[in-house]
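Quick notes on the structure that follows.
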Amino acid sequence: MKKEASKASINQVFFSESDINHDDLRQICSQKTFKEEYPLADSVENNVVIYNAINITPLTDNSNQEKRLKTELNHILEKGPGVFVIRNLFEDCEVIDQSNDIFEKIIKKEDNSKNDHFASGTNARIWNSLQKVALENPEVFINYYSNNVLRVVAESWCGPNFQMTAQVNVVKPGGEMQKPHRDYHLGFQENKEIQEYPISSQRMSQNLTLQGAVAHSEMPLESGPTMLLPHSHKYELGYLAWRNNVFQNFFCENAVQLPLKKGDGVFFNPALFHAAGTNSTKKIDRIANLLQISSVFGKTMEHIDYIKIIKNIYPALLEHQNNNTLSKKSITNVCICATDGYAFPTNLDYDTNAYSGIKGFSMFEITLQALEQSLDLDNFTSKLYEHQKIKFAS
Ligand SMILES: [Fe+2]
């Protein structure tokens, strides 16, 4: 008798670029955003939900109301269009102007020829503006990050005890459009790396970060505010798709832009297809403080001193390699557990590999390189410390 095939088949979990389907993205992006689904919002424009901080700030005085607001925002980021704007996030623009003065000072102080990840042109970039502003002017930092609506927005996606990071991007007149892309984590990795992550991890990664931008200048359409493709975060294979020409063309034909006023904020799921637009004005410097907010769930429970571990076992590993008593695969397996395998977090002022690559080198890669070159412990240790010095410079 012929054996019946099991009805419980296992779905595909690993995908490559050849699996991406333009029609799937087109269908997902044909969804409409309805204002009725978001009673606390002011309006829906171009499929993007718009709130006014003046109307929603009073809700943060009451924990039930605050939860209602967080629920709406979370729905937008997961099941809805994936993006919302908060008008007047900073109603009093004095703190924005004070921040801009500090940014200008920092840009002058630094050799600011840093490039954008996804565009060429004459941008100015300040990495880690969070820390730099705190060191320059405690009162401005306190005033900026005491914002209640900002905290609620962050918690609506990442939950409590989130970790804030910020980077300033100044796009000068004539600054070119970015290539459409997705953001950190997997937006910073190449297709060959992405396809090693099961689709469940790819879905999970977008829950670990919320991407935002606060307008620090007026941003009329001609200055190139962020181009957004609402609902595109729901295309599961999107991390493998955004470099593809057909997908990029679809983005350029269907992306929307909303003019922003100084003090407005825009927040989106990091898996949403987006790109900074072209600044076609003659005199507006488009200034944004980009906020990257991380969930605490990306962290391990124990702090591990990988330097101590790898320094102690490296001579034995080298011996195993040289005597052929362990295979290359086995040595790699040990290194995965004995080193930090991720290039982030890092200091982006010094770790230029991290954004030219786009992904930088990790302790794991440095260890494998050292073994390949049969470096002795002293030489390996100095490479390790050189890498740590750059990564953790402050
Ligand atoms: Fe981006």
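By convention here, the chains of the structure tokens are called A, B, ... in the order presented, each chain's residues are numbered starting at 1, and ligands are numbered starting at 1 in the order presented.
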### Test item: residues no farther than 9 Å from ligand 1, counting only C-alpha atoms and all ligand atoms, as number ranges by chain
A: 117-118, 178, 180-184, 187, 211, 226, 270, 273-276
### Message
Could you list, as a PyMOL selection string, every residue within 12 Å of Gly175 in chain A, counting only C-alpha atoms and ignoring same-chain residues fewer than 2 positions away?
### Response
chain A and resi 115-116+119-124+169-173+177-178+222-225+276-287
Expected file contents, prior selection, N, CA, C and O atoms, as a compact mmCIF listing (two decimals), in the first residue's frame:
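Result file follows (part20.txt):
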# COMPACT_ATOMS: atom_id res chain seq x y z
N ASN A 115 30.18 60.09 4.92
CA ASN A 115 29.13 59.86 3.92
C ASN A 115 27.92 59.18 4.51
O ASN A 115 27.95 58.65 5.59
N ASP A 116 26.88 59.26 3.73
CA ASP A 116 25.65 58.58 4.03
C ASP A 116 25.83 57.11 3.64
O ASP A 116 26.52 56.80 2.69
N ALA A 119 23.73 56.93 0.07
CA ALA A 119 23.72 57.98 -0.96
C ALA A 119 25.08 58.65 -1.04
O ALA A 119 25.82 58.71 -0.05
N SER A 120 25.39 59.15 -2.23
CA SER A 120 26.60 59.95 -2.34
C SER A 120 26.16 61.42 -2.23
O SER A 120 24.99 61.73 -2.28
N GLY A 121 27.09 62.32 -2.10
CA GLY A 121 26.72 63.73 -2.04
C GLY A 121 27.42 64.44 -0.92
O GLY A 121 28.36 63.92 -0.33
N THR A 122 26.94 65.64 -0.63
CA THR A 122 27.66 66.48 0.32
C THR A 122 26.93 66.56 1.65
O THR A 122 26.66 67.64 2.15
N ASN A 123 26.61 65.42 2.19
CA ASN A 123 25.92 65.42 3.48
C ASN A 123 26.91 65.66 4.61
O ASN A 123 28.09 65.37 4.47
N ALA A 124 26.39 66.20 5.71
CA ALA A 124 27.18 66.21 6.94
C ALA A 124 26.50 65.25 7.90
O ALA A 124 25.28 65.19 7.96
N ASN A 169 21.77 64.00 10.43
CA ASN A 169 22.06 63.99 9.00
C ASN A 169 21.67 65.36 8.43
O ASN A 169 20.53 65.79 8.61
N VAL A 170 22.64 66.03 7.82
CA VAL A 170 22.34 67.32 7.19
C VAL A 170 22.52 67.15 5.69
O VAL A 170 23.62 66.84 5.22
N VAL A 171 21.43 67.34 4.94
CA VAL A 171 21.51 67.20 3.48
C VAL A 171 21.46 68.59 2.88
O VAL A 171 20.49 69.33 3.02
N LYS A 172 22.55 68.95 2.23
CA LYS A 172 22.70 70.30 1.67
C LYS A 172 21.93 70.41 0.36
O LYS A 172 21.62 69.38 -0.27
N PRO A 173 21.65 71.65 -0.08
CA PRO A 173 21.01 71.82 -1.39
C PRO A 173 21.77 71.03 -2.46
O PRO A 173 23.01 71.06 -2.49
N MET A 177 19.21 61.81 -3.79
CA MET A 177 18.30 60.84 -3.15
C MET A 177 19.10 59.60 -2.73
O MET A 177 20.04 59.20 -3.41
N GLN A 178 18.71 59.02 -1.59
CA GLN A 178 19.29 57.73 -1.19
C GLN A 178 18.69 56.63 -2.05
O GLN A 178 17.60 56.79 -2.61
N GLU A 222 10.21 69.99 -1.70
CA GLU A 222 11.37 70.18 -2.58
C GLU A 222 12.71 69.98 -1.84
O GLU A 222 13.75 69.84 -2.46
N SER A 223 12.66 69.95 -0.49
CA SER A 223 13.91 69.71 0.26
C SER A 223 14.18 68.21 0.42
O SER A 223 15.23 67.82 0.93
N GLY A 224 13.20 67.37 0.02
CA GLY A 224 13.44 65.92 -0.01
C GLY A 224 13.20 65.16 1.27
O GLY A 224 14.01 64.30 1.64
N PRO A 225 12.07 65.45 1.99
CA PRO A 225 11.80 64.62 3.19
C PRO A 225 11.70 63.14 2.81
O PRO A 225 11.48 62.82 1.63
N ALA A 276 15.85 58.73 1.79
CA ALA A 276 15.83 60.19 1.88
C ALA A 276 15.75 60.75 0.46
O ALA A 276 16.35 60.19 -0.47
N GLY A 277 14.97 61.81 0.29
CA GLY A 277 14.77 62.36 -1.06
C GLY A 277 15.87 63.33 -1.47
O GLY A 277 16.76 63.66 -0.68
N THR A 278 15.78 63.79 -2.71
CA THR A 278 16.73 64.76 -3.23
C THR A 278 16.40 66.14 -2.68
O THR A 278 15.24 66.55 -2.67
N ASN A 279 17.42 66.86 -2.26
CA ASN A 279 17.21 68.24 -1.82
C ASN A 279 17.39 69.15 -3.04
O ASN A 279 18.52 69.50 -3.40
N SER A 280 16.29 69.51 -3.67
CA SER A 280 16.40 70.32 -4.88
C SER A 280 16.25 71.82 -4.61
O SER A 280 16.07 72.60 -5.54
N THR A 281 16.29 72.21 -3.33
CA THR A 281 16.22 73.64 -3.03
C THR A 281 17.58 74.29 -3.26
O THR A 281 18.59 73.61 -3.41
N LYS A 282 17.58 75.62 -3.27
CA LYS A 282 18.85 76.35 -3.46
C LYS A 282 19.47 76.68 -2.11
O LYS A 282 20.67 76.89 -2.00
N LYS A 283 18.61 76.78 -1.05
CA LYS A 283 19.22 77.24 0.20
C LYS A 283 18.79 76.55 1.49
O LYS A 283 19.22 76.96 2.56
N ILE A 284 17.97 75.49 1.40
CA ILE A 284 17.58 74.83 2.66
C ILE A 284 18.53 73.67 2.98
O ILE A 284 18.67 72.74 2.20
N ASP A 285 19.20 73.77 4.14
CA ASP A 285 19.93 72.60 4.65
C ASP A 285 18.87 71.75 5.35
O ASP A 285 18.26 72.20 6.33
N ARG A 286 18.64 70.54 4.85
CA ARG A 286 17.62 69.69 5.48
C ARG A 286 18.29 68.95 6.65
O ARG A 286 19.18 68.12 6.46
N ILE A 287 17.85 69.30 7.85
CA ILE A 287 18.52 68.75 9.05
C ILE A 287 17.57 67.80 9.77
O ILE A 287 16.46 68.18 10.13
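Candidate residues A:Asn100, A:Ser362, A:Ser30, A:Asn312 were compared for distance to Asp378 in chain A, and the nearest is A:Asn312, using only C-alpha atoms.
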Against range 247-260 of chain A, which residues of range 52-169 of chain A fall within 12 Å? For each one I want the closest pair of atoms and the distance in Å (one decimal), counting only C-alpha atoms, rows by chain and increasing residue number, as a tab-separated table.
residue	atom	partner	partner_atom	distance
A:Pro81	CA	A:Val256	CA	11.9
A:Val83	CA	A:Val256	CA	11.3
A:Phe84	CA	A:Leu258	CA	10.5
A:Val85	CA	A:Leu260	CA	8.8
A:Ile86	CA	A:Leu260	CA	9.6
A:Arg87	CA	A:Leu260	CA	7.9
A:Asn88	CA	A:Leu260	CA	9.6
A:Leu89	CA	A:Leu260	CA	11.1
Just write the chosen residues, N, CA and C atoms, as an mmCIF file, in the first residue's frame.
data_model
loop_
_atom_site.group_PDB
_atom_site.id
_atom_site.type_symbol
_atom_site.label_atom_id
_atom_site.label_comp_id
_atom_site.auth_asym_id
_atom_site.auth_seq_id
_atom_site.Cartn_x
_atom_site.Cartn_y
_atom_site.Cartn_z
ATOM 1 N N PRO A 81 0.102 50.630 8.071
ATOM 2 C CA PRO A 81 1.012 51.083 7.015
ATOM 3 C C PRO A 81 2.487 51.066 7.405
ATOM 4 N N VAL A 83 4.074 53.260 9.276
ATOM 5 C CA VAL A 83 4.683 54.590 9.432
ATOM 6 C C VAL A 83 3.640 55.598 9.915
ATOM 7 N N PHE A 84 4.067 56.469 10.836
ATOM 8 C CA PHE A 84 3.202 57.588 11.243
ATOM 9 C C PHE A 84 4.042 58.836 11.469
ATOM 10 N N VAL A 85 3.321 59.959 11.381
ATOM 11 C CA VAL A 85 3.967 61.258 11.616
ATOM 12 C C VAL A 85 3.363 61.853 12.881
ATOM 13 N N ILE A 86 4.186 62.459 13.736
ATOM 14 C CA ILE A 86 3.677 63.209 14.886
ATOM 15 C C ILE A 86 4.003 64.678 14.634
ATOM 16 N N ARG A 87 2.971 65.437 14.297
ATOM 17 C CA ARG A 87 3.170 66.885 14.115
ATOM 18 C C ARG A 87 3.444 67.508 15.489
ATOM 19 N N ASN A 88 4.273 68.526 15.522
ATOM 20 C CA ASN A 88 4.590 69.255 16.764
ATOM 21 C C ASN A 88 5.122 68.362 17.875
ATOM 22 N N LEU A 89 5.883 67.324 17.497
ATOM 23 C CA LEU A 89 6.486 66.463 18.529
ATOM 24 C C LEU A 89 7.280 67.345 19.499
#
Per residue of range 274-314 of chain A within 12 Å of range 363-373 of chain A, which atom pair is closest and at what distance in Å (one decimal), using only C-alpha atoms, listed by chain and increasing number, as a Markdown table?
| residue | atom | partner | partner_atom | distance |
| --- | --- | --- | --- | --- |
| A:Asp305 | CA | A:Met363 | CA | 12.0 |
| A:Tyr306 | CA | A:Met363 | CA | 8.7 |
| A:Ile307 | CA | A:Met363 | CA | 8.9 |
| A:Ile309 | CA | A:Met363 | CA | 11.9 |
| A:Ile310 | CA | A:Thr367 | CA | 8.3 |
| A:Lys311 | CA | A:Thr367 | CA | 9.9 |
| A:Ile313 | CA | A:Thr367 | CA | 11.2 |
| A:Tyr314 | CA | A:Leu371 | CA | 8.5 |
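Closest approach to Ser294 in chain A from the set A:Trp157, A:Phe267, A:Trp127, A:Tyr38 is made by A:Trp157, with distances taken over only C-alpha atoms.
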### Task
Extract the full set of helix (DSSP H, G or I) residues from range 201-309 of chain A according to DSSP on the backbone, and format it as an NGL selection string.
:A and (201-205 or 221-223 or 232-234 or 238-240 or 245-254 or 296-298 or 306-309)
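Going from CA of Asp61 in chain A over to CA of Gly159 in chain A, you cover 18.0 Å.
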Contact residues around range 132-139 of chain A with only C-alpha atoms at 10 Å, ignoring same-chain residues under 4 positions, as a tab-separated table (two decimals) with C-alpha atoms, in the first residue's frame:
chain	number	residue	atom	x	y	z
A	95	VAL	CA	15.20	73.16	22.04
A	98	GLN	CA	19.58	75.07	20.64
A	99	SER	CA	20.34	71.54	19.43
A	102	ILE	CA	25.35	72.39	19.14
A	103	PHE	CA	25.25	70.31	15.93
A	105	LYS	CA	29.62	73.39	16.64
A	106	ILE	CA	30.23	69.63	16.49
A	126	ILE	CA	27.14	63.39	13.26
A	127	TRP	CA	27.37	59.89	14.66
A	128	ASN	CA	26.13	59.41	18.20
A	143	ASN	CA	14.97	69.30	27.62
A	144	TYR	CA	15.05	67.23	24.42
A	166	ALA	CA	20.70	59.29	17.60
A	167	GLN	CA	22.57	60.45	14.53
A	394	SER	CA	34.35	57.40	23.38
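From CA of Tyr235 in chain A back to CA of Lys79 in chain A, the distance works out to 11.4 Å.
In terms of minimum interatomic distance to Leu348 in chain A, A:Lys391 ranks closest within A:His231, A:His303, A:His22, A:Lys391, counting only C-alpha atoms.
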